[in-house]
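Chemist: Structure incoming, see below.
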Amino acid sequence: MGRARFITLEGGEGAGKSTQIQRLAEKLRARGEAVCVTREPGGAPGAEAIRQLLVTGETTRWSPKSEALLHFAARAEHLERTILPALARGEWVISDRFVDSTIAYQGPGVGPEFINELKEMVVGDAMPALTLILDLPVEQGLARAKSRQGKDNSAEDRYERMDLEFHEGLRQAFLNIAKNEPERCAVIDAGGTEEAVAAAIWQTVEQRLTPPLSQNSH
Ligand code: TMP
């Protein structure tokens, strides 16, 4: 069992995670819950500094091992300084990406054992109770991500620039994680309207996390 009020959203590029996280947080807050919205890589000052090393620059700038280690270094900061303290205060934590992203994105480069050992050492039992995997055909996601980059003019597109085969592999990797861990994971069709996706997410949260929700809503 993962941490009761800890939810992560995962998926490939352009799946609409950040919009959906804002909507889910608002819904929980409307019920009187305290919510900490955070993201990876990032979510703590040191982790945000590491993020800049990971999401910008040449696609080949890191060796696969260094890249996986940097993601786990950022995650260690994020867990110790943001996620675990918020959970200890009784808040909900919704993280835009977590360890499944390292399995999907860095797994092909370093192999599953390397990642599993780091996962055990860095994350241990601090796994989310629920992971929502937003699933979308790759080309649709990349097109959405590109139009977003155009708007906010950021250079955080190092992973988006990887080839189509890499992104197809990612989608399969996330679906495999969901298949192997059905109690923790739920696949959400991210191809519908924003409202439809939000409704599917809320239904899943209510169904799967009923005890923590009802305990807190008097
Ligand atoms: P974002 O675009 O969802 O903010 O995430 C930043 C990028 O970092 C995204 O392209 C996926 C990538 N990433 C990994 O490759 N491994 C990881 O462990 C995490 C958390 C993110």
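A note on labels: chains of the structure tokens are A, B, ... as shown, every chain counts residues from 1, and ligands are counted from 1 in their shown order.
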How would you report the residues lying within 8 Å of ligand 1, as a ChimeraX atom specification, if you count only C-alpha atoms and all ligand atoms?
Modeler: /A:12-14,17-18,39-41,51,54-55,68,71-72,75,96-106,156-160
Chemist: Looking only at strand (DSSP E) from DSSP on the backbone, list the matching residues of segment 69-165 of chain A as a short mmCIF file (atom, residue, chain, number, x, y, z; two decimals) with N, CA, C and O atoms, in the first residue's frame.
Modeler:
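What landed in part.cif:
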```
data_model
loop_
_atom_site.label_atom_id
_atom_site.label_comp_id
_atom_site.auth_asym_id
_atom_site.auth_seq_id
_atom_site.Cartn_x
_atom_site.Cartn_y
_atom_site.Cartn_z
N TRP A 92 -2.74 16.53 1.21
CA TRP A 92 -2.66 15.69 0.02
C TRP A 92 -1.47 16.17 -0.79
O TRP A 92 -1.16 17.37 -0.79
N VAL A 93 -0.78 15.26 -1.44
CA VAL A 93 0.32 15.64 -2.33
C VAL A 93 -0.02 15.10 -3.72
O VAL A 93 -0.29 13.91 -3.88
N ILE A 94 -0.04 16.02 -4.70
CA ILE A 94 -0.26 15.60 -6.09
C ILE A 94 1.00 15.96 -6.86
O ILE A 94 1.33 17.15 -7.00
N SER A 95 1.71 14.96 -7.34
CA SER A 95 2.95 15.24 -8.05
C SER A 95 2.82 14.96 -9.55
O SER A 95 2.35 13.90 -9.97
N ASP A 96 3.23 15.97 -10.32
CA ASP A 96 3.30 15.85 -11.77
C ASP A 96 4.58 15.06 -12.07
O ASP A 96 5.67 15.62 -12.01
N PRO A 128 3.26 6.36 -4.04
CA PRO A 128 1.90 6.91 -4.02
C PRO A 128 0.84 5.81 -3.86
O PRO A 128 1.05 4.67 -4.28
N ALA A 129 -0.30 6.18 -3.29
CA ALA A 129 -1.43 5.25 -3.20
C ALA A 129 -2.09 5.10 -4.57
O ALA A 129 -2.66 4.06 -4.88
N LEU A 130 -2.00 6.16 -5.37
CA LEU A 130 -2.66 6.15 -6.68
C LEU A 130 -1.79 6.85 -7.72
O LEU A 130 -1.31 7.96 -7.48
N THR A 131 -1.61 6.18 -8.84
CA THR A 131 -0.90 6.77 -9.98
C THR A 131 -1.83 6.78 -11.18
O THR A 131 -2.31 5.73 -11.61
N LEU A 132 -2.10 7.99 -11.68
CA LEU A 132 -2.98 8.13 -12.85
C LEU A 132 -2.09 8.26 -14.08
O LEU A 132 -1.25 9.17 -14.15
N ILE A 133 -2.24 7.32 -15.00
CA ILE A 133 -1.42 7.34 -16.21
C ILE A 133 -2.26 7.90 -17.34
O ILE A 133 -3.23 7.27 -17.77
N LEU A 134 -1.93 9.12 -17.76
CA LEU A 134 -2.69 9.77 -18.83
C LEU A 134 -2.16 9.28 -20.17
O LEU A 134 -1.02 9.55 -20.55
N ASP A 135 -3.02 8.55 -20.87
CA ASP A 135 -2.58 7.87 -22.09
C ASP A 135 -3.13 8.57 -23.33
O ASP A 135 -4.31 8.91 -23.40
#
```
Chemist: For atom CA of Lys146 of chain A and atom CA of Leu53 of chain A, determine how far apart the two atoms are, in Å to one decimal place.
Modeler: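 Calculated distance between atom CA of Lys146 of chain A and atom CA of Leu53 of chain A is 20.4 Å.
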Chemist: From a DSSP pass on the backbone, collect the residues of segment 7-167 of chain A flagged as alpha helix (DSSP H) and hand them back as an mmCIF file with N, CA, C and O atoms, in the first residue's frame.
Modeler:
```cif
data_model
loop_
_atom_site.group_PDB
_atom_site.id
_atom_site.type_symbol
_atom_site.label_atom_id
_atom_site.label_comp_id
_atom_site.auth_asym_id
_atom_site.auth_seq_id
_atom_site.Cartn_x
_atom_site.Cartn_y
_atom_site.Cartn_z
ATOM 1 N N LYS A 17 -1.179 16.794 -18.226
ATOM 2 C CA LYS A 17 -1.082 16.536 -16.780
ATOM 3 C C LYS A 17 -1.246 17.802 -15.941
ATOM 4 O O LYS A 17 -1.976 17.781 -14.956
ATOM 5 N N SER A 18 -0.563 18.868 -16.316
ATOM 6 C CA SER A 18 -0.596 20.039 -15.414
ATOM 7 C C SER A 18 -1.995 20.635 -15.290
ATOM 8 O O SER A 18 -2.413 20.999 -14.191
ATOM 9 N N THR A 19 -2.725 20.718 -16.408
ATOM 10 C CA THR A 19 -4.102 21.220 -16.347
ATOM 11 C C THR A 19 -4.946 20.334 -15.445
ATOM 12 O O THR A 19 -5.708 20.809 -14.600
ATOM 13 N N GLN A 20 -4.805 19.043 -15.616
ATOM 14 C CA GLN A 20 -5.631 18.107 -14.835
ATOM 15 C C GLN A 20 -5.251 18.141 -13.358
ATOM 16 O O GLN A 20 -6.115 17.983 -12.495
ATOM 17 N N ILE A 21 -3.984 18.357 -13.068
ATOM 18 C CA ILE A 21 -3.570 18.437 -11.661
ATOM 19 C C ILE A 21 -4.205 19.660 -11.005
ATOM 20 O O ILE A 21 -4.702 19.587 -9.883
ATOM 21 N N GLN A 22 -4.222 20.778 -11.720
ATOM 22 C CA GLN A 22 -4.854 21.984 -11.149
ATOM 23 C C GLN A 22 -6.323 21.724 -10.864
ATOM 24 O O GLN A 22 -6.850 22.093 -9.817
ATOM 25 N N ARG A 23 -6.989 21.057 -11.795
ATOM 26 C CA ARG A 23 -8.428 20.783 -11.613
ATOM 27 C C ARG A 23 -8.663 19.852 -10.440
ATOM 28 O O ARG A 23 -9.582 20.061 -9.644
ATOM 29 N N LEU A 24 -7.834 18.817 -10.330
ATOM 30 C CA LEU A 24 -8.003 17.856 -9.226
ATOM 31 C C LEU A 24 -7.733 18.545 -7.883
ATOM 32 O O LEU A 24 -8.476 18.347 -6.908
ATOM 33 N N ALA A 25 -6.703 19.387 -7.850
ATOM 34 C CA ALA A 25 -6.384 20.092 -6.600
ATOM 35 C C ALA A 25 -7.548 20.994 -6.190
ATOM 36 O O ALA A 25 -7.932 21.037 -5.020
ATOM 37 N N GLU A 26 -8.140 21.684 -7.172
ATOM 38 C CA GLU A 26 -9.273 22.568 -6.851
ATOM 39 C C GLU A 26 -10.435 21.775 -6.282
ATOM 40 O O GLU A 26 -11.102 22.201 -5.350
ATOM 41 N N LYS A 27 -10.679 20.599 -6.860
ATOM 42 C CA LYS A 27 -11.792 19.773 -6.382
ATOM 43 C C LYS A 27 -11.569 19.317 -4.951
ATOM 44 O O LYS A 27 -12.484 19.329 -4.127
ATOM 45 N N LEU A 28 -10.343 18.926 -4.661
ATOM 46 C CA LEU A 28 -10.040 18.483 -3.292
ATOM 47 C C LEU A 28 -10.126 19.665 -2.319
ATOM 48 O O LEU A 28 -10.670 19.542 -1.220
ATOM 49 N N ARG A 29 -9.623 20.820 -2.760
ATOM 50 C CA ARG A 29 -9.668 22.010 -1.878
ATOM 51 C C ARG A 29 -11.112 22.416 -1.610
ATOM 52 O O ARG A 29 -11.444 22.836 -0.502
ATOM 53 N N ALA A 30 -11.972 22.262 -2.619
ATOM 54 C CA ALA A 30 -13.389 22.599 -2.429
ATOM 55 C C ALA A 30 -14.025 21.706 -1.371
ATOM 56 O O ALA A 30 -15.027 22.067 -0.772
ATOM 57 N N PRO A 45 14.020 23.383 -3.887
ATOM 58 C CA PRO A 45 15.006 24.255 -4.551
ATOM 59 C C PRO A 45 16.154 23.495 -5.239
ATOM 60 O O PRO A 45 16.456 23.740 -6.414
ATOM 61 N N GLY A 46 16.772 22.555 -4.541
ATOM 62 C CA GLY A 46 17.879 21.812 -5.158
ATOM 63 C C GLY A 46 17.408 20.981 -6.342
ATOM 64 O O GLY A 46 18.098 20.858 -7.361
ATOM 65 N N ALA A 47 16.214 20.433 -6.214
ATOM 66 C CA ALA A 47 15.673 19.596 -7.286
ATOM 67 C C ALA A 47 15.332 20.431 -8.521
ATOM 68 O O ALA A 47 15.488 19.979 -9.658
ATOM 69 N N GLU A 48 14.888 21.686 -8.293
ATOM 70 C CA GLU A 48 14.607 22.567 -9.442
ATOM 71 C C GLU A 48 15.915 22.932 -10.151
ATOM 72 O O GLU A 48 15.954 23.068 -11.378
ATOM 73 N N ALA A 49 17.005 23.082 -9.379
ATOM 74 C CA ALA A 49 18.312 23.374 -9.996
ATOM 75 C C ALA A 49 18.752 22.180 -10.851
ATOM 76 O O ALA A 49 19.247 22.349 -11.968
ATOM 77 N N ILE A 50 18.536 20.972 -10.332
ATOM 78 C CA ILE A 50 18.897 19.767 -11.105
ATOM 79 C C ILE A 50 18.014 19.670 -12.354
ATOM 80 O O ILE A 50 18.460 19.270 -13.421
ATOM 81 N N ARG A 51 16.735 20.071 -12.221
ATOM 82 C CA ARG A 51 15.816 20.025 -13.373
ATOM 83 C C ARG A 51 16.401 20.735 -14.591
ATOM 84 O O ARG A 51 16.330 20.237 -15.708
ATOM 85 N N GLN A 52 17.008 21.914 -14.339
ATOM 86 C CA GLN A 52 17.552 22.678 -15.460
ATOM 87 C C GLN A 52 18.625 21.889 -16.207
ATOM 88 O O GLN A 52 18.764 22.027 -17.418
ATOM 89 N N LEU A 53 19.366 21.053 -15.475
ATOM 90 C CA LEU A 53 20.408 20.243 -16.127
ATOM 91 C C LEU A 53 19.788 19.136 -16.984
ATOM 92 O O LEU A 53 20.413 18.631 -17.903
ATOM 93 N N LEU A 54 18.558 18.763 -16.657
ATOM 94 C CA LEU A 54 17.942 17.603 -17.309
ATOM 95 C C LEU A 54 17.043 17.962 -18.494
ATOM 96 O O LEU A 54 16.979 17.209 -19.462
ATOM 97 N N VAL A 55 16.332 19.088 -18.384
ATOM 98 C CA VAL A 55 15.301 19.341 -19.402
ATOM 99 C C VAL A 55 15.758 20.307 -20.496
ATOM 100 O O VAL A 55 14.988 20.614 -21.396
ATOM 101 N N PRO A 64 23.600 7.643 -19.932
ATOM 102 C CA PRO A 64 22.351 7.128 -19.349
ATOM 103 C C PRO A 64 22.417 6.989 -17.827
ATOM 104 O O PRO A 64 21.453 7.325 -17.129
ATOM 105 N N LYS A 65 23.560 6.549 -17.287
ATOM 106 C CA LYS A 65 23.646 6.377 -15.827
ATOM 107 C C LYS A 65 23.605 7.718 -15.102
ATOM 108 O O LYS A 65 22.928 7.858 -14.089
ATOM 109 N N SER A 66 24.370 8.697 -15.597
ATOM 110 C CA SER A 66 24.349 10.013 -14.917
ATOM 111 C C SER A 66 22.939 10.580 -14.928
ATOM 112 O O SER A 66 22.492 11.168 -13.949
ATOM 113 N N GLU A 67 22.264 10.398 -16.055
ATOM 114 C CA GLU A 67 20.922 10.973 -16.175
ATOM 115 C C GLU A 67 19.962 10.348 -15.157
ATOM 116 O O GLU A 67 19.213 11.050 -14.473
ATOM 117 N N ALA A 68 20.025 9.022 -15.036
ATOM 118 C CA ALA A 68 19.149 8.346 -14.057
ATOM 119 C C ALA A 68 19.507 8.801 -12.640
ATOM 120 O O ALA A 68 18.628 9.063 -11.813
ATOM 121 N N LEU A 69 20.815 8.932 -12.359
ATOM 122 C CA LEU A 69 21.238 9.365 -11.019
ATOM 123 C C LEU A 69 20.777 10.789 -10.722
ATOM 124 O O LEU A 69 20.370 11.097 -9.597
ATOM 125 N N LEU A 70 20.825 11.657 -11.730
ATOM 126 C CA LEU A 70 20.364 13.038 -11.513
ATOM 127 C C LEU A 70 18.869 13.060 -11.186
ATOM 128 O O LEU A 70 18.426 13.803 -10.307
ATOM 129 N N HIS A 71 18.089 12.240 -11.886
ATOM 130 C CA HIS A 71 16.651 12.188 -11.569
ATOM 131 C C HIS A 71 16.432 11.698 -10.139
ATOM 132 O O HIS A 71 15.576 12.222 -9.422
ATOM 133 N N PHE A 72 17.225 10.720 -9.708
ATOM 134 C CA PHE A 72 17.054 10.234 -8.331
ATOM 135 C C PHE A 72 17.594 11.224 -7.302
ATOM 136 O O PHE A 72 17.061 11.306 -6.189
ATOM 137 N N ALA A 73 18.641 11.971 -7.659
ATOM 138 C CA ALA A 73 19.133 13.002 -6.732
ATOM 139 C C ALA A 73 18.044 14.051 -6.524
ATOM 140 O O ALA A 73 17.753 14.462 -5.390
ATOM 141 N N ALA A 74 17.423 14.475 -7.620
ATOM 142 C CA ALA A 74 16.339 15.457 -7.519
ATOM 143 C C ALA A 74 15.192 14.877 -6.682
ATOM 144 O O ALA A 74 14.600 15.560 -5.837
ATOM 145 N N ARG A 75 14.902 13.606 -6.906
ATOM 146 C CA ARG A 75 13.778 12.957 -6.192
ATOM 147 C C ARG A 75 14.054 12.857 -4.690
ATOM 148 O O ARG A 75 13.141 13.028 -3.878
ATOM 149 N N ALA A 76 15.315 12.603 -4.315
ATOM 150 C CA ALA A 76 15.650 12.508 -2.889
ATOM 151 C C ALA A 76 15.382 13.846 -2.204
ATOM 152 O O ALA A 76 14.818 13.904 -1.099
ATOM 153 N N GLU A 77 15.778 14.942 -2.870
ATOM 154 C CA GLU A 77 15.501 16.287 -2.325
ATOM 155 C C GLU A 77 13.999 16.521 -2.207
ATOM 156 O O GLU A 77 13.501 17.025 -1.205
ATOM 157 N N HIS A 78 13.300 16.178 -3.285
ATOM 158 C CA HIS A 78 11.856 16.412 -3.358
ATOM 159 C C HIS A 78 11.115 15.652 -2.254
ATOM 160 O O HIS A 78 10.259 16.201 -1.567
ATOM 161 N N LEU A 84 7.377 14.327 1.867
ATOM 162 C CA LEU A 84 7.165 13.684 3.175
ATOM 163 C C LEU A 84 6.708 14.691 4.240
ATOM 164 O O LEU A 84 5.777 14.389 5.001
ATOM 165 N N PRO A 85 7.289 15.903 4.292
ATOM 166 C CA PRO A 85 6.765 16.871 5.268
ATOM 167 C C PRO A 85 5.286 17.214 5.024
ATOM 168 O O PRO A 85 4.517 17.334 5.975
ATOM 169 N N ALA A 86 4.880 17.372 3.767
ATOM 170 C CA ALA A 86 3.474 17.711 3.481
ATOM 171 C C ALA A 86 2.555 16.565 3.908
ATOM 172 O O ALA A 86 1.506 16.794 4.523
ATOM 173 N N LEU A 87 2.935 15.343 3.609
ATOM 174 C CA LEU A 87 2.108 14.193 4.023
ATOM 175 C C LEU A 87 2.038 14.129 5.551
ATOM 176 O O LEU A 87 0.980 13.841 6.123
ATOM 177 N N ALA A 88 3.157 14.433 6.206
ATOM 178 C CA ALA A 88 3.183 14.393 7.673
ATOM 179 C C ALA A 88 2.257 15.456 8.267
ATOM 180 O O ALA A 88 1.710 15.274 9.357
ATOM 181 N N VAL A 99 8.478 8.385 -9.758
ATOM 182 C CA VAL A 99 9.478 7.377 -10.134
ATOM 183 C C VAL A 99 9.118 6.592 -11.405
ATOM 184 O O VAL A 99 10.009 6.128 -12.126
ATOM 185 N N ASP A 100 7.820 6.479 -11.735
ATOM 186 C CA ASP A 100 7.469 5.753 -12.968
ATOM 187 C C ASP A 100 8.046 6.439 -14.203
ATOM 188 O O ASP A 100 8.338 5.778 -15.201
ATOM 189 N N SER A 101 8.208 7.763 -14.133
ATOM 190 C CA SER A 101 8.814 8.458 -15.277
ATOM 191 C C SER A 101 10.254 8.009 -15.476
ATOM 192 O O SER A 101 10.722 7.892 -16.607
ATOM 193 N N THR A 102 10.974 7.760 -14.388
ATOM 194 C CA THR A 102 12.362 7.306 -14.552
ATOM 195 C C THR A 102 12.379 5.904 -15.151
ATOM 196 O O THR A 102 13.224 5.584 -15.985
ATOM 197 N N ILE A 103 11.433 5.064 -14.722
ATOM 198 C CA ILE A 103 11.364 3.708 -15.291
ATOM 199 C C ILE A 103 11.099 3.793 -16.792
ATOM 200 O O ILE A 103 11.756 3.129 -17.596
ATOM 201 N N ALA A 104 10.148 4.667 -17.178
ATOM 202 C CA ALA A 104 9.768 4.754 -18.590
ATOM 203 C C ALA A 104 10.826 5.477 -19.436
ATOM 204 O O ALA A 104 11.177 5.016 -20.515
ATOM 205 N N TYR A 105 11.332 6.606 -18.930
ATOM 206 C CA TYR A 105 12.244 7.423 -19.749
ATOM 207 C C TYR A 105 13.689 6.920 -19.689
ATOM 208 O O TYR A 105 14.388 6.912 -20.694
ATOM 209 N N GLY A 107 14.696 3.924 -18.129
ATOM 210 C CA GLY A 107 14.800 2.465 -18.087
ATOM 211 C C GLY A 107 15.468 1.856 -19.309
ATOM 212 O O GLY A 107 16.380 1.030 -19.177
ATOM 213 N N PRO A 108 15.063 2.269 -20.517
ATOM 214 C CA PRO A 108 15.677 1.661 -21.702
ATOM 215 C C PRO A 108 17.199 1.866 -21.756
ATOM 216 O O PRO A 108 17.926 1.023 -22.258
ATOM 217 N N GLY A 109 17.686 2.972 -21.214
ATOM 218 C CA GLY A 109 19.121 3.269 -21.274
ATOM 219 C C GLY A 109 19.952 2.500 -20.264
ATOM 220 O O GLY A 109 21.096 2.145 -20.544
ATOM 221 N N VAL A 110 19.417 2.266 -19.076
ATOM 222 C CA VAL A 110 20.242 1.669 -18.014
ATOM 223 C C VAL A 110 19.771 0.281 -17.584
ATOM 224 O O VAL A 110 20.477 -0.405 -16.845
ATOM 225 N N PRO A 112 16.401 -2.304 -16.093
ATOM 226 C CA PRO A 112 15.510 -2.239 -14.931
ATOM 227 C C PRO A 112 16.203 -2.407 -13.583
ATOM 228 O O PRO A 112 15.797 -1.788 -12.608
ATOM 229 N N GLU A 113 17.312 -3.209 -13.517
ATOM 230 C CA GLU A 113 17.919 -3.435 -12.187
ATOM 231 C C GLU A 113 18.503 -2.157 -11.598
ATOM 232 O O GLU A 113 18.353 -1.886 -10.405
ATOM 233 N N PHE A 114 19.182 -1.413 -12.451
ATOM 234 C CA PHE A 114 19.802 -0.156 -12.008
ATOM 235 C C PHE A 114 18.743 0.754 -11.383
ATOM 236 O O PHE A 114 18.910 1.300 -10.297
ATOM 237 N N ILE A 115 17.609 0.874 -12.075
ATOM 238 C CA ILE A 115 16.541 1.761 -11.589
ATOM 239 C C ILE A 115 15.874 1.178 -10.349
ATOM 240 O O ILE A 115 15.582 1.896 -9.392
ATOM 241 N N ASN A 116 15.644 -0.131 -10.356
ATOM 242 C CA ASN A 116 14.954 -0.727 -9.199
ATOM 243 C C ASN A 116 15.756 -0.585 -7.916
ATOM 244 O O ASN A 116 15.201 -0.344 -6.856
ATOM 245 N N GLU A 117 17.089 -0.719 -8.029
ATOM 246 C CA GLU A 117 17.904 -0.571 -6.816
ATOM 247 C C GLU A 117 17.848 0.856 -6.293
ATOM 248 O O GLU A 117 17.730 1.092 -5.089
ATOM 249 N N LEU A 118 17.930 1.810 -7.215
ATOM 250 C CA LEU A 118 17.848 3.216 -6.776
ATOM 251 C C LEU A 118 16.464 3.517 -6.201
ATOM 252 O O LEU A 118 16.333 4.218 -5.196
ATOM 253 N N LYS A 119 15.444 2.952 -6.828
ATOM 254 C CA LYS A 119 14.075 3.168 -6.354
ATOM 255 C C LYS A 119 13.940 2.667 -4.913
ATOM 256 O O LYS A 119 13.389 3.345 -4.045
ATOM 257 N N GLU A 120 14.490 1.491 -4.674
ATOM 258 C CA GLU A 120 14.428 0.912 -3.333
ATOM 259 C C GLU A 120 15.134 1.818 -2.321
ATOM 260 O O GLU A 120 14.614 2.099 -1.238
ATOM 261 N N MET A 121 16.328 2.305 -2.691
ATOM 262 C CA MET A 121 17.123 3.109 -1.749
ATOM 263 C C MET A 121 16.555 4.509 -1.555
ATOM 264 O O MET A 121 16.572 5.035 -0.445
ATOM 265 N N VAL A 122 16.064 5.119 -2.621
ATOM 266 C CA VAL A 122 15.653 6.524 -2.523
ATOM 267 C C VAL A 122 14.169 6.659 -2.132
ATOM 268 O O VAL A 122 13.810 7.487 -1.304
ATOM 269 N N VAL A 138 0.979 8.941 -29.381
ATOM 270 C CA VAL A 138 2.215 9.728 -29.310
ATOM 271 C C VAL A 138 2.187 11.000 -30.160
ATOM 272 O O VAL A 138 2.557 12.082 -29.694
ATOM 273 N N GLU A 139 1.702 10.869 -31.412
ATOM 274 C CA GLU A 139 1.775 12.043 -32.290
ATOM 275 C C GLU A 139 0.884 13.175 -31.795
ATOM 276 O O GLU A 139 1.239 14.352 -31.879
ATOM 277 N N GLN A 140 -0.274 12.781 -31.247
ATOM 278 C CA GLN A 140 -1.188 13.783 -30.681
ATOM 279 C C GLN A 140 -0.518 14.515 -29.502
ATOM 280 O O GLN A 140 -0.584 15.734 -29.390
ATOM 281 N N GLY A 141 0.134 13.757 -28.642
ATOM 282 C CA GLY A 141 0.791 14.340 -27.468
ATOM 283 C C GLY A 141 1.924 15.278 -27.875
ATOM 284 O O GLY A 141 2.053 16.383 -27.345
ATOM 285 N N LEU A 142 2.741 14.836 -28.822
ATOM 286 C CA LEU A 142 3.882 15.671 -29.228
ATOM 287 C C LEU A 142 3.400 16.960 -29.895
ATOM 288 O O LEU A 142 3.987 18.022 -29.692
ATOM 289 N N ALA A 143 2.298 16.866 -30.665
ATOM 290 C CA ALA A 143 1.758 18.073 -31.304
ATOM 291 C C ALA A 143 1.290 19.058 -30.241
ATOM 292 O O ALA A 143 1.569 20.258 -30.313
ATOM 293 N N ARG A 144 0.608 18.546 -29.201
ATOM 294 C CA ARG A 144 0.155 19.422 -28.108
ATOM 295 C C ARG A 144 1.340 20.043 -27.385
ATOM 296 O O ARG A 144 1.333 21.223 -27.051
ATOM 297 N N ALA A 145 2.357 19.219 -27.131
ATOM 298 C CA ALA A 145 3.531 19.723 -26.394
ATOM 299 C C ALA A 145 4.220 20.815 -27.201
ATOM 300 O O ALA A 145 4.654 21.823 -26.653
ATOM 301 N N LYS A 146 4.287 20.642 -28.528
ATOM 302 C CA LYS A 146 4.939 21.649 -29.380
ATOM 303 C C LYS A 146 4.184 22.958 -29.361
ATOM 304 O O LYS A 146 4.779 24.022 -29.280
ATOM 305 N N SER A 147 2.853 22.897 -29.418
ATOM 306 C CA SER A 147 2.103 24.156 -29.431
ATOM 307 C C SER A 147 2.249 24.849 -28.086
ATOM 308 O O SER A 147 2.307 26.072 -28.010
ATOM 309 N N ARG A 148 2.378 24.079 -26.994
ATOM 310 C CA ARG A 148 2.593 24.678 -25.673
ATOM 311 C C ARG A 148 3.975 25.352 -25.615
ATOM 312 O O ARG A 148 4.120 26.464 -25.148
ATOM 313 N N GLN A 149 4.994 24.683 -26.151
ATOM 314 C CA GLN A 149 6.351 25.274 -26.145
ATOM 315 C C GLN A 149 6.344 26.599 -26.882
ATOM 316 O O GLN A 149 6.957 27.559 -26.470
ATOM 317 N N GLY A 150 5.594 26.610 -28.017
ATOM 318 C CA GLY A 150 5.493 27.831 -28.803
ATOM 319 C C GLY A 150 4.952 28.972 -27.957
ATOM 320 O O GLY A 150 5.416 30.096 -28.050
ATOM 321 N N LYS A 151 3.967 28.647 -27.097
ATOM 322 C CA LYS A 151 3.314 29.685 -26.288
ATOM 323 C C LYS A 151 4.194 30.182 -25.149
ATOM 324 O O LYS A 151 4.343 31.362 -24.939
ATOM 325 N N ASP A 152 4.766 29.247 -24.365
ATOM 326 C CA ASP A 152 5.502 29.755 -23.191
ATOM 327 C C ASP A 152 6.987 29.984 -23.486
ATOM 328 O O ASP A 152 7.745 30.441 -22.646
ATOM 329 N N LEU A 164 10.715 9.580 -32.451
ATOM 330 C CA LEU A 164 9.370 9.016 -32.312
ATOM 331 C C LEU A 164 9.403 7.628 -31.664
ATOM 332 O O LEU A 164 8.549 7.289 -30.844
ATOM 333 N N GLU A 165 10.424 6.866 -32.022
ATOM 334 C CA GLU A 165 10.553 5.511 -31.474
ATOM 335 C C GLU A 165 10.691 5.559 -29.941
ATOM 336 O O GLU A 165 10.092 4.762 -29.222
ATOM 337 N N PHE A 166 11.461 6.523 -29.462
ATOM 338 C CA PHE A 166 11.627 6.712 -28.020
ATOM 339 C C PHE A 166 10.262 6.973 -27.377
ATOM 340 O O PHE A 166 9.898 6.374 -26.366
ATOM 341 N N HIS A 167 9.466 7.850 -28.011
ATOM 342 C CA HIS A 167 8.164 8.207 -27.432
ATOM 343 C C HIS A 167 7.170 7.055 -27.507
ATOM 344 O O HIS A 167 6.353 6.871 -26.601
#
```
Chemist: For each of A:Arg171, A:Lys179, A:Arg184, A:Arg31, take the minimum atom-to-atom distance to Gly11 of chain A, counting only C-alpha atoms, then give the residue where this is smallest.
Modeler: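 Closest to Gly11 of chain A of all the choices is A:Arg171.
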Chemist: How many Å lie between atom CA of Ala15 of chain A and atom CA of Val37 of chain A, rounded to one decimal?
Modeler: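 So the answer is 17.4 Å.
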